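Engineer: Input file: my_file06.csv. Contents: CSV, C-alpha atoms.
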```csv
chain,number,residue,atom,x,y,z
A,1,MET,CA,0.0,0.0,0.0
A,2,SER,CA,1.4,3.3,-1.0
A,3,ASP,CA,0.7,5.1,2.3
A,4,GLN,CA,2.0,2.3,4.5
A,5,THR,CA,5.5,2.6,5.9
A,6,ARG,CA,7.8,-0.4,6.4
A,7,ASP,CA,6.8,-0.3,10.1
A,8,VAL,CA,3.2,-1.3,9.3
A,9,PRO,CA,2.9,-5.0,8.9
A,10,SER,CA,1.2,-6.2,5.7
A,11,SER,CA,-2.1,-8.0,5.9
A,12,VAL,CA,-0.3,-11.1,4.5
A,13,ASP,CA,2.0,-11.0,7.5
A,14,LEU,CA,-0.8,-10.5,9.9
A,15,VAL,CA,-2.8,-13.4,8.5
A,16,GLY,CA,0.2,-15.7,8.8
A,17,ARG,CA,1.0,-14.6,12.3
A,18,ALA,CA,-2.7,-14.9,13.4
A,19,ALA,CA,-3.0,-18.3,11.8
A,20,ALA,CA,0.1,-19.3,13.9
A,21,GLY,CA,-1.8,-18.3,17.0
A,22,GLU,CA,-0.5,-14.8,17.7
A,23,HIS,CA,-3.2,-12.9,19.4
A,24,ALA,CA,-1.7,-9.4,18.8
A,25,ALA,CA,-1.7,-10.1,15.0
A,26,TRP,CA,-5.4,-11.2,15.3
A,27,CYS,CA,-6.2,-7.9,17.0
A,28,ALA,CA,-4.3,-5.9,14.5
A,29,LEU,CA,-6.1,-7.7,11.6
A,30,ILE,CA,-9.6,-7.1,12.9
A,31,GLY,CA,-8.6,-3.5,13.9
A,32,ARG,CA,-7.6,-2.9,10.3
A,33,TYR,CA,-10.9,-4.0,8.8
A,34,GLU,CA,-13.5,-3.4,11.6
A,35,LEU,CA,-14.7,0.0,10.2
A,36,MET,CA,-15.1,-1.5,6.7
A,37,VAL,CA,-17.1,-4.3,8.2
A,38,ASP,CA,-19.3,-1.9,10.0
A,39,ALA,CA,-19.8,0.3,6.9
A,40,VAL,CA,-20.9,-2.8,5.0
A,41,VAL,CA,-23.3,-3.9,7.7
A,42,ARG,CA,-24.7,-0.4,7.9
A,43,CYS,CA,-25.2,-0.1,4.2
A,44,HIS,CA,-27.5,-3.2,4.4
A,45,GLY,CA,-29.6,-1.3,6.9
A,46,LEU,CA,-28.7,-3.2,10.1
A,47,SER,CA,-28.3,-1.6,13.4
A,48,GLY,CA,-28.2,-2.5,17.1
A,49,GLN,CA,-28.0,-6.1,18.1
A,50,ASP,CA,-28.6,-7.3,14.5
A,51,ALA,CA,-25.5,-5.3,13.4
A,52,GLU,CA,-23.5,-6.7,16.3
A,53,ASP,CA,-24.5,-10.3,15.5
A,54,ALA,CA,-23.5,-9.9,11.8
A,55,ARG,CA,-20.2,-8.4,12.8
A,56,GLN,CA,-19.6,-11.2,15.3
A,57,THR,CA,-20.3,-13.8,12.6
A,58,VAL,CA,-17.8,-12.2,10.2
A,59,TRP,CA,-15.0,-12.5,12.8
A,60,CYS,CA,-16.0,-16.1,13.6
A,61,ARG,CA,-15.7,-16.9,9.9
A,62,LEU,CA,-12.4,-15.2,9.7
A,63,ALA,CA,-11.1,-17.2,12.7
A,64,GLU,CA,-12.4,-20.4,11.3
A,65,HIS,CA,-10.8,-19.8,7.9
A,66,LEU,CA,-7.4,-18.4,9.0
A,67,ASP,CA,-5.6,-21.6,8.2
A,68,GLY,CA,-7.3,-22.1,4.8
A,69,ILE,CA,-7.0,-18.7,3.3
A,70,ARG,CA,-5.5,-19.2,-0.1
A,71,SER,CA,-4.8,-15.6,-1.1
A,72,PRO,CA,-3.9,-13.7,2.1
A,73,GLU,CA,-3.0,-10.7,0.0
A,74,ARG,CA,-6.7,-10.4,-0.8
A,75,ILE,CA,-7.9,-10.8,2.8
A,76,GLY,CA,-9.6,-7.4,2.7
A,77,SER,CA,-11.9,-8.2,-0.1
A,78,TRP,CA,-12.6,-11.7,1.4
A,79,ILE,CA,-13.7,-10.0,4.6
A,80,ALA,CA,-15.8,-7.5,2.6
A,81,ARG,CA,-17.6,-10.3,0.7
A,82,THR,CA,-18.1,-12.2,4.0
A,83,ALA,CA,-19.6,-9.1,5.6
A,84,HIS,CA,-22.1,-8.6,2.7
A,85,ARG,CA,-23.1,-12.2,2.9
A,86,GLU,CA,-23.5,-12.2,6.7
A,87,ALA,CA,-25.4,-8.9,6.6
A,88,SER,CA,-27.9,-10.4,4.1
A,89,ARG,CA,-28.3,-13.4,6.3
A,90,GLN,CA,-28.9,-11.3,9.4
A,91,ILE,CA,-31.6,-9.4,7.6
A,92,ARG,CA,-33.4,-12.6,7.0
A,93,LEU,CA,-32.9,-13.7,10.6
A,94,ALA,CA,-34.1,-10.3,11.8
A,95,ARG,CA,-37.2,-10.4,9.5
A,96,ARG,CA,-38.1,-13.8,11.0
A,97,ALA,CA,-37.6,-12.7,14.5
A,98,ARG,CA,-39.7,-9.6,13.9
A,99,ALA,CA,-42.5,-11.6,12.3
A,100,LEU,CA,-42.5,-14.0,15.2
A,101,GLU,CA,-42.6,-11.2,17.7
A,102,THR,CA,-45.1,-8.9,16.1
A,103,GLY,CA,-47.1,-11.2,13.8
A,104,GLY,CA,-45.9,-8.8,11.0
A,105,GLY,CA,-45.2,-9.7,7.5
A,106,LEU,CA,-42.4,-9.3,4.9
A,107,ARG,CA,-42.0,-5.6,5.5
A,108,ALA,CA,-41.3,-6.1,9.2
A,109,LEU,CA,-37.9,-4.5,8.8
A,110,GLU,CA,-39.5,-1.3,7.4
A,111,PRO,CA,-41.6,-0.1,10.2
A,112,VAL,CA,-43.1,2.7,8.2
A,113,ASP,CA,-46.8,3.2,8.6
A,114,HIS,CA,-49.5,5.7,7.8
A,115,ARG,CA,-48.9,7.7,10.9
A,116,THR,CA,-45.3,8.5,9.8
A,117,PRO,CA,-45.0,12.1,8.5
A,118,GLU,CA,-44.6,12.3,4.8
A,119,SER,CA,-41.1,13.7,4.9
A,120,GLU,CA,-39.9,10.8,7.1
A,121,TYR,CA,-41.8,8.3,4.9
A,122,LEU,CA,-40.0,9.7,1.7
A,123,ARG,CA,-36.7,9.6,3.6
A,124,ALA,CA,-37.3,6.0,4.7
A,125,GLU,CA,-38.2,5.0,1.1
A,126,GLU,CA,-35.1,6.6,-0.2
A,127,VAL,CA,-32.9,4.8,2.4
A,128,ARG,CA,-34.5,1.6,1.4
A,129,GLY,CA,-33.9,2.4,-2.3
A,130,VAL,CA,-30.2,3.0,-1.6
A,131,ARG,CA,-29.9,-0.2,0.4
A,132,GLU,CA,-31.5,-2.2,-2.4
A,133,ALA,CA,-29.5,-0.5,-5.1
A,134,ILE,CA,-26.2,-1.2,-3.3
A,135,ALA,CA,-27.2,-4.8,-2.6
A,136,SER,CA,-27.9,-5.3,-6.3
A,137,VAL,CA,-24.5,-4.3,-7.6
A,138,GLY,CA,-21.5,-6.7,-7.5
A,139,GLU,CA,-18.0,-6.2,-6.1
A,140,PRO,CA,-16.1,-4.0,-6.0
A,141,ASP,CA,-18.8,-1.4,-6.5
A,142,ARG,CA,-21.0,-2.3,-3.5
A,143,THR,CA,-18.1,-2.2,-1.0
A,144,VAL,CA,-16.8,1.1,-2.6
A,145,LEU,CA,-20.3,2.5,-2.1
A,146,ALA,CA,-20.6,1.2,1.5
A,147,LEU,CA,-17.3,2.9,2.3
A,148,ASP,CA,-18.3,6.1,0.4
A,149,LEU,CA,-21.5,6.5,2.4
A,150,HIS,CA,-20.5,5.2,5.9
A,151,ARG,CA,-16.7,5.7,5.9
A,152,PRO,CA,-16.2,9.0,4.0
A,153,GLY,CA,-12.7,9.4,5.5
A,154,ALA,CA,-11.4,6.2,4.0
A,155,SER,CA,-8.2,6.8,2.0
A,156,ALA,CA,-7.8,5.4,-1.5
A,157,ALA,CA,-5.3,2.9,-0.1
A,158,GLU,CA,-7.9,1.7,2.4
A,159,VAL,CA,-10.5,1.3,-0.3
A,160,ALA,CA,-8.0,-0.6,-2.4
A,161,ASP,CA,-7.2,-2.8,0.5
A,162,CYS,CA,-10.8,-3.6,1.2
A,163,THR,CA,-11.7,-4.3,-2.5
A,164,GLY,CA,-8.6,-5.8,-4.0
A,165,LEU,CA,-8.5,-2.9,-6.5
A,166,PRO,CA,-5.1,-1.3,-7.5
A,167,VAL,CA,-5.0,2.0,-5.6
A,168,GLU,CA,-4.7,4.0,-8.8
A,169,GLU,CA,-8.0,2.7,-10.0
A,170,VAL,CA,-10.0,3.7,-6.9
A,171,PRO,CA,-11.0,7.2,-8.1
A,172,THR,CA,-12.3,5.8,-11.4
A,173,VAL,CA,-14.2,2.9,-9.8
A,174,ARG,CA,-15.7,5.3,-7.2
A,175,ARG,CA,-16.9,7.6,-9.9
A,176,ARG,CA,-18.4,4.7,-11.8
A,177,ALA,CA,-20.1,3.3,-8.6
A,178,ARG,CA,-21.6,6.7,-7.8
A,179,ARG,CA,-23.0,7.1,-11.3
A,180,ARG,CA,-24.4,3.5,-11.0
A,181,LEU,CA,-26.1,4.3,-7.7
A,182,LEU,CA,-27.6,7.5,-9.3
A,183,ARG,CA,-29.0,5.6,-12.3
A,184,LEU,CA,-30.4,2.8,-10.1
A,185,LEU,CA,-32.2,5.2,-7.8
A,186,ARG,CA,-33.6,7.1,-10.8
A,187,ARG,CA,-34.8,3.9,-12.3
A,188,ALA,CA,-36.4,2.8,-9.0
A,189,GLN,CA,-38.1,6.1,-8.3
A,190,GLY,CA,-38.3,8.9,-10.8
A,191,THR,CA,-38.8,11.5,-8.1
A,192,TYR,CA,-35.3,11.2,-6.7
A,193,GLU,CA,-34.2,13.4,-9.7
A,194,ALA,CA,-35.8,16.3,-8.1
A,195,GLY,CA,-33.7,16.0,-4.9
A,196,VAL,CA,-30.4,15.3,-6.6
B,1,MET,CA,-17.8,9.2,-21.9
B,2,TRP,CA,-20.3,10.4,-19.5
B,3,PRO,CA,-21.3,14.1,-19.5
B,4,GLU,CA,-19.6,15.9,-16.7
B,5,ASP,CA,-22.8,17.0,-15.0
B,6,GLU,CA,-23.7,13.3,-14.5
B,7,ASP,CA,-20.6,13.1,-12.3
B,8,GLU,CA,-21.6,16.3,-10.5
B,9,ARG,CA,-25.1,14.9,-9.9
B,10,ALA,CA,-23.7,11.7,-8.6
B,11,ASP,CA,-21.4,13.6,-6.2
B,12,ARG,CA,-24.3,15.7,-4.9
B,13,LEU,CA,-26.3,12.5,-4.4
B,14,ILE,CA,-23.5,11.0,-2.3
B,15,ALA,CA,-23.1,14.3,-0.3
B,16,ARG,CA,-26.8,14.3,0.5
B,17,LEU,CA,-27.0,10.7,1.4
B,18,ARG,CA,-23.9,11.1,3.7
B,19,GLU,CA,-25.8,13.7,5.7
B,20,GLY,CA,-28.4,11.2,6.8
B,21,ALA,CA,-26.0,8.2,7.0
B,22,SER,CA,-24.3,7.0,10.1
B,23,GLU,CA,-20.6,6.7,10.2
B,24,ALA,CA,-18.9,3.3,10.8
B,25,GLU,CA,-17.7,2.9,14.4
B,26,PRO,CA,-15.3,0.5,16.2
B,27,MET,CA,-16.8,-2.7,17.4
B,28,SER,CA,-18.5,-2.8,20.9
B,29,GLU,CA,-16.9,-4.7,23.8
B,30,ARG,CA,-19.4,-7.5,23.2
B,31,VAL,CA,-18.3,-8.0,19.6
B,32,ARG,CA,-14.6,-7.7,20.6
B,33,ARG,CA,-15.1,-10.5,23.2
B,34,ALA,CA,-16.8,-12.6,20.6
B,35,ALA,CA,-14.0,-12.1,18.1
B,36,ASP,CA,-11.4,-13.0,20.7
B,37,GLY,CA,-13.4,-16.0,21.8
B,38,ALA,CA,-13.7,-17.3,18.2
B,39,PHE,CA,-9.9,-16.8,17.8
B,40,ALA,CA,-9.2,-18.7,21.0
B,41,ALA,CA,-11.6,-21.5,20.2
B,42,ARG,CA,-10.4,-22.2,16.6
B,43,GLY,CA,-8.7,-25.4,15.6
B,44,VAL,CA,-11.2,-27.9,16.9
B,45,GLU,CA,-9.8,-31.4,16.4
B,46,ALA,CA,-12.7,-32.9,14.6
B,47,PRO,CA,-14.0,-33.3,11.0
B,48,VAL,CA,-15.9,-30.2,9.9
B,49,ALA,CA,-19.6,-30.4,9.1
B,50,GLU,CA,-20.7,-27.7,6.6
B,51,VAL,CA,-24.1,-26.2,6.2
B,52,VAL,CA,-25.6,-27.9,3.0
B,53,GLY,CA,-29.2,-26.8,3.6
B,54,ASP,CA,-30.7,-23.9,5.3
B,55,SER,CA,-34.4,-22.9,5.0
B,56,LEU,CA,-33.5,-19.3,5.9
B,57,GLU,CA,-31.7,-19.0,2.5
B,58,PRO,CA,-33.7,-18.3,-0.7
B,59,ASP,CA,-31.6,-21.0,-2.4
B,60,GLY,CA,-30.9,-23.0,0.7
B,61,GLY,CA,-31.0,-26.6,-0.5
B,62,VAL,CA,-34.1,-27.3,1.6
B,63,ARG,CA,-37.6,-26.0,1.3
B,64,PRO,CA,-37.7,-22.4,2.5
B,65,SER,CA,-39.5,-22.1,5.8
B,66,ALA,CA,-42.7,-20.2,6.4
B,67,LEU,CA,-41.7,-16.8,7.9
B,68,ARG,CA,-43.1,-17.9,11.2
B,69,GLY,CA,-42.3,-21.6,11.0
B,70,PRO,CA,-39.2,-23.4,12.3
B,71,ARG,CA,-35.9,-23.0,10.5
B,72,TYR,CA,-34.4,-26.2,9.2
B,73,VAL,CA,-30.7,-26.6,8.8
B,74,LEU,CA,-28.8,-29.7,7.4
B,75,LEU,CA,-25.1,-30.1,8.3
B,76,ARG,CA,-23.0,-32.7,6.5
B,77,GLY,CA,-19.6,-33.9,7.5
B,78,VAL,CA,-16.7,-33.2,5.0
B,79,GLY,CA,-15.0,-36.6,4.4
B,80,VAL,CA,-17.0,-38.3,7.1
B,81,GLN,CA,-20.4,-40.0,6.9
B,82,VAL,CA,-22.3,-37.9,9.5
B,83,GLU,CA,-25.3,-35.6,9.0
B,84,VAL,CA,-27.0,-33.4,11.6
B,85,HIS,CA,-30.5,-32.2,11.0
B,86,LEU,CA,-31.6,-29.2,13.0
B,87,GLU,CA,-35.0,-27.6,13.7
B,88,ILE,CA,-34.5,-24.1,15.2
B,89,THR,CA,-37.4,-22.3,16.9
B,90,GLY,CA,-37.7,-19.4,19.2
B,91,HIS,CA,-37.0,-15.7,19.2
B,92,ALA,CA,-36.5,-12.8,21.6
B,93,GLY,CA,-32.9,-13.6,22.5
B,94,HIS,CA,-33.0,-17.4,22.9
B,95,ARG,CA,-33.4,-20.2,20.5
B,96,ARG,CA,-34.3,-23.9,20.9
B,97,ILE,CA,-32.5,-26.4,18.7
B,98,ALA,CA,-34.0,-29.9,18.2
B,99,GLY,CA,-31.5,-32.1,16.4
B,100,ARG,CA,-30.9,-35.5,15.1
B,101,VAL,CA,-27.5,-37.0,14.3
B,102,VAL,CA,-27.4,-39.6,11.4
B,103,PRO,CA,-26.1,-42.3,11.7
B,104,PRO,CA,-27.5,-42.3,15.2
B,105,GLY,CA,-25.5,-42.9,18.4
B,106,ALA,CA,-25.6,-41.8,22.0
B,107,GLY,CA,-23.2,-39.1,23.1
B,108,THR,CA,-23.2,-35.4,23.6
B,109,VAL,CA,-23.5,-32.2,21.6
B,110,GLU,CA,-21.7,-29.1,22.7
B,111,VAL,CA,-23.3,-25.9,21.6
B,112,ARG,CA,-20.5,-23.3,21.5
B,113,SER,CA,-21.0,-19.6,21.2
B,114,PRO,CA,-17.9,-17.3,20.8
B,115,VAL,CA,-18.0,-16.7,24.6
B,116,GLY,CA,-19.1,-20.0,26.1
B,117,ALA,CA,-20.3,-23.5,25.6
B,118,ARG,CA,-23.0,-25.8,27.0
B,119,GLU,CA,-23.3,-29.6,26.6
B,120,PHE,CA,-26.5,-31.5,26.0
B,121,PRO,CA,-27.1,-35.3,25.8
B,122,VAL,CA,-27.6,-37.1,22.5
B,123,ASP,CA,-29.9,-40.2,22.9
B,124,GLU,CA,-29.5,-43.6,21.3
B,125,GLY,CA,-31.6,-42.5,18.4
B,126,GLY,CA,-29.3,-39.5,17.7
B,127,GLY,CA,-31.8,-37.0,19.0
B,128,PHE,CA,-31.0,-34.0,21.1
B,129,THR,CA,-32.6,-30.8,22.3
B,130,ALA,CA,-30.7,-27.7,23.2
B,131,ALA,CA,-32.7,-25.0,24.9
B,132,SER,CA,-32.0,-21.4,25.7
B,133,VAL,CA,-29.3,-21.0,23.1
B,134,PRO,CA,-28.3,-17.4,22.8
B,135,ARG,CA,-28.7,-15.5,19.5
B,136,GLY,CA,-25.7,-14.9,17.4
B,137,PRO,CA,-23.2,-17.4,15.9
B,138,VAL,CA,-22.9,-20.9,17.3
B,139,ARG,CA,-21.0,-24.1,16.4
B,140,LEU,CA,-22.0,-27.6,17.4
B,141,LEU,CA,-19.5,-30.3,18.4
B,142,VAL,CA,-21.0,-33.7,18.3
B,143,SER,CA,-19.1,-36.4,20.2
B,144,ASP,CA,-19.6,-40.1,21.2
B,145,ASP,CA,-17.7,-42.5,23.5
B,146,GLU,CA,-14.8,-42.5,21.1
B,147,GLY,CA,-14.4,-38.7,20.9
B,148,PRO,CA,-15.5,-35.9,18.6
B,149,ARG,CA,-17.5,-37.0,15.5
B,150,VAL,CA,-18.0,-33.6,13.8
B,151,VAL,CA,-17.8,-29.9,14.5
B,152,SER,CA,-20.0,-27.6,12.5
B,153,SER,CA,-19.0,-24.4,10.9
B,154,TRP,CA,-20.3,-21.2,12.5
B,155,LEU,CA,-24.1,-20.9,12.2
B,156,PRO,CA,-25.7,-17.6,13.0
B,157,LEU,CA,-29.0,-18.0,14.9
```
Any chance you could give the structure as structure tokens?

Structural biologist:
Amino acid sequence: MSDQTRDVPSSVDLVGRAAAGEHAAWCALIGRYELMVDAVVRCHGLSGQDAEDARQTVWCRLAEHLDGIRSPERIGSWIARTAHREASRQIRLARRARALETGGGLRALEPVDHRTPESEYLRAEEVRGVREAIASVGEPDRTVLALDLHRPGASAAEVADCTGLPVEEVPTVRRRARRRLLRLLRRAQGTYEAGV
Amino acid sequence: MWPEDEDERADRLIARLREGASEAEPMSERVRRAADGAFAARGVEAPVAEVVGDSLEPDGGVRPSALRGPRYVLLRGVGVQVEVHLEITGHAGHRRIAGRVVPPGAGTVEVRSPVGAREFPVDEGGGFTAASVPRGPVRLLVSDDEGPRVVSSWLPL
């Protein structure tokens, strides 16, 4: 990574040392990617205990697979894909739990009802549209967008590390991903144009 | 090439969405303890059983459950002839797992969360019931008199 000095261990190094049982390397590894994992979990609309459960499962999977990771240089994008998958699974778990608790239906994760003021309703609809748009695009765009929205301070080097992109391609991919999101939202709901 | 104002619109969209979006935060103490627990508990000396069917998944290999019905999960040993059928019910923090190990055999099943474990008996017919299992990821370690038979991959409940 261009902005890493020689004092900063590479992720390959950290994966190797963590696989050998070094707890400090494990902590450094999850410290390096925890904000990306949270950004991904948030972009799927999870919060509270559901978000915590999804984050826990990501680290459980990483611990389970440490010995079998074939391309440790791509560990960032492996964790990102795992985070997207576990977030989607958690949404299904949360939807079931909500349905069991409230007797509600498929929209149990979207607790918008007729008493909600219109502005909040539109806002919630847009948030849902953004979530669905991001979930519908593949890698690396969805992780680029998750970071763009929920981790605006991420450097190009961090985005590259979390997606497997060469660092010099990050600005181009980010532009492409933003345009894609704009187009998807327009398609889903013509009225977004007015607010853009 | 895209017209330049398309990029400007996309940038404005992101700026506006960021205003309402929450920023990523470090993990809570609960998640950190779970991550450390998962790290400490890795390397179980038993053949792994992978999830090969999960009614929670749209393409889960078994019939999708009704939204309010039980969740069915099928675990299959990798390189070993053991299957574990699970029926998961419950909500509001705790789950109940009714399971059957095939081929059957008496022994124990240890239900491990990242921060603890509890053991339940497996009867002669391979049946077991684990009650009050906390939400979040768990793995199951099935053992008999001769030792561990299989350990499952992490399964979020």

Engineer: Compile the contact shell of Val84 of chain B as number ranges by chain: residues with an atom at most 6 Å away, counting only C-alpha atoms, same-chain residues fewer than 6 positions apart removed.

Structural biologist: B: 74-75, 100-101

Engineer: When you look at segment 151-159 of chain A with a cut-off of 12 Å (counting all atoms listed in the file), what residues show up, excluding the ones that are within fewer than 3 positions of it in the same chain? I need them as a CSV table (one decimal) with C-alpha atoms, in the coordinates of the input.

Structural biologist:
```
chain,number,residue,atom,x,y,z
A,1,MET,CA,0.0,0.0,0.0
A,2,SER,CA,1.4,3.3,-1.0
A,3,ASP,CA,0.7,5.1,2.3
A,4,GLN,CA,2.0,2.3,4.5
A,11,SER,CA,-2.1,-8.0,5.9
A,32,ARG,CA,-7.6,-2.9,10.3
A,33,TYR,CA,-10.9,-4.0,8.8
A,34,GLU,CA,-13.5,-3.4,11.6
A,35,LEU,CA,-14.7,0.0,10.2
A,36,MET,CA,-15.1,-1.5,6.7
A,37,VAL,CA,-17.1,-4.3,8.2
A,38,ASP,CA,-19.3,-1.9,10.0
A,39,ALA,CA,-19.8,0.3,6.9
A,40,VAL,CA,-20.9,-2.8,5.0
A,41,VAL,CA,-23.3,-3.9,7.7
A,42,ARG,CA,-24.7,-0.4,7.9
A,43,CYS,CA,-25.2,-0.1,4.2
A,76,GLY,CA,-9.6,-7.4,2.7
A,77,SER,CA,-11.9,-8.2,-0.1
A,80,ALA,CA,-15.8,-7.5,2.6
A,140,PRO,CA,-16.1,-4.0,-6.0
A,141,ASP,CA,-18.8,-1.4,-6.5
A,142,ARG,CA,-21.0,-2.3,-3.5
A,143,THR,CA,-18.1,-2.2,-1.0
A,144,VAL,CA,-16.8,1.1,-2.6
A,145,LEU,CA,-20.3,2.5,-2.1
A,146,ALA,CA,-20.6,1.2,1.5
A,147,LEU,CA,-17.3,2.9,2.3
A,148,ASP,CA,-18.3,6.1,0.4
A,162,CYS,CA,-10.8,-3.6,1.2
A,163,THR,CA,-11.7,-4.3,-2.5
A,164,GLY,CA,-8.6,-5.8,-4.0
A,165,LEU,CA,-8.5,-2.9,-6.5
A,166,PRO,CA,-5.1,-1.3,-7.5
A,167,VAL,CA,-5.0,2.0,-5.6
A,168,GLU,CA,-4.7,4.0,-8.8
A,169,GLU,CA,-8.0,2.7,-10.0
A,170,VAL,CA,-10.0,3.7,-6.9
A,171,PRO,CA,-11.0,7.2,-8.1
A,172,THR,CA,-12.3,5.8,-11.4
A,173,VAL,CA,-14.2,2.9,-9.8
A,174,ARG,CA,-15.7,5.3,-7.2
B,14,ILE,CA,-23.5,11.0,-2.3
B,15,ALA,CA,-23.1,14.3,-0.3
B,17,LEU,CA,-27.0,10.7,1.4
B,18,ARG,CA,-23.9,11.1,3.7
B,19,GLU,CA,-25.8,13.7,5.7
B,21,ALA,CA,-26.0,8.2,7.0
B,22,SER,CA,-24.3,7.0,10.1
B,23,GLU,CA,-20.6,6.7,10.2
B,24,ALA,CA,-18.9,3.3,10.8
B,25,GLU,CA,-17.7,2.9,14.4
B,26,PRO,CA,-15.3,0.5,16.2
```

Engineer: Interatomic distance between atom CA of Ala40 of chain B and atom CA of Val142 of chain B?

Structural biologist: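 The value is 19.3 Å.
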
Engineer: Residues of chain A within 7 Å of chain B, using all atoms listed in the file, as a PDB file with C-alpha atoms, keeping the file's coordinate frame?

Structural biologist:
```pdb
ATOM      1  CA  GLU A  34     -13.500  -3.400  11.600  1.00  0.00           C
ATOM      2  CA  LEU A  35     -14.700   0.000  10.200  1.00  0.00           C
ATOM      3  CA  ASP A  38     -19.300  -1.900  10.000  1.00  0.00           C
ATOM      4  CA  ALA A  39     -19.800   0.300   6.900  1.00  0.00           C
ATOM      5  CA  GLU A  52     -23.500  -6.700  16.300  1.00  0.00           C
ATOM      6  CA  ASP A  53     -24.500 -10.300  15.500  1.00  0.00           C
ATOM      7  CA  GLN A  56     -19.600 -11.200  15.300  1.00  0.00           C
ATOM      8  CA  THR A  57     -20.300 -13.800  12.600  1.00  0.00           C
ATOM      9  CA  TRP A  59     -15.000 -12.500  12.800  1.00  0.00           C
ATOM     10  CA  CYS A  60     -16.000 -16.100  13.600  1.00  0.00           C
ATOM     11  CA  ARG A  61     -15.700 -16.900   9.900  1.00  0.00           C
ATOM     12  CA  ALA A  63     -11.100 -17.200  12.700  1.00  0.00           C
ATOM     13  CA  GLU A  64     -12.400 -20.400  11.300  1.00  0.00           C
ATOM     14  CA  ARG A  92     -33.400 -12.600   7.000  1.00  0.00           C
ATOM     15  CA  ARG A  96     -38.100 -13.800  11.000  1.00  0.00           C
ATOM     16  CA  ALA A  97     -37.600 -12.700  14.500  1.00  0.00           C
ATOM     17  CA  ALA A  99     -42.500 -11.600  12.300  1.00  0.00           C
ATOM     18  CA  LEU A 100     -42.500 -14.000  15.200  1.00  0.00           C
ATOM     19  CA  LEU A 149     -21.500   6.500   2.400  1.00  0.00           C
ATOM     20  CA  HIS A 150     -20.500   5.200   5.900  1.00  0.00           C
ATOM     21  CA  ARG A 151     -16.700   5.700   5.900  1.00  0.00           C
ATOM     22  CA  ARG A 178     -21.600   6.700  -7.800  1.00  0.00           C
ATOM     23  CA  ARG A 179     -23.000   7.100 -11.300  1.00  0.00           C
ATOM     24  CA  LEU A 182     -27.600   7.500  -9.300  1.00  0.00           C
ATOM     25  CA  VAL A 196     -30.400  15.300  -6.600  1.00  0.00           C
TER      26      VAL A 196
END
```

Engineer: Please provide as a ChimeraX atom specification all residues within 10 Å of Gly79 of chain B, with the sequence filter that same-chain residues fewer than 2 positions apart are discarded (counting only C-alpha atoms).

Structural biologist: /B:47-49,76-77,81-82

Engineer: Could you tell me how far atom CA of Ile79 of chain A lies from atom CA of Glu29 of chain B, in Å and to one decimal?

Structural biologist: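 Computing it gives 20.2 Å between the two atoms.
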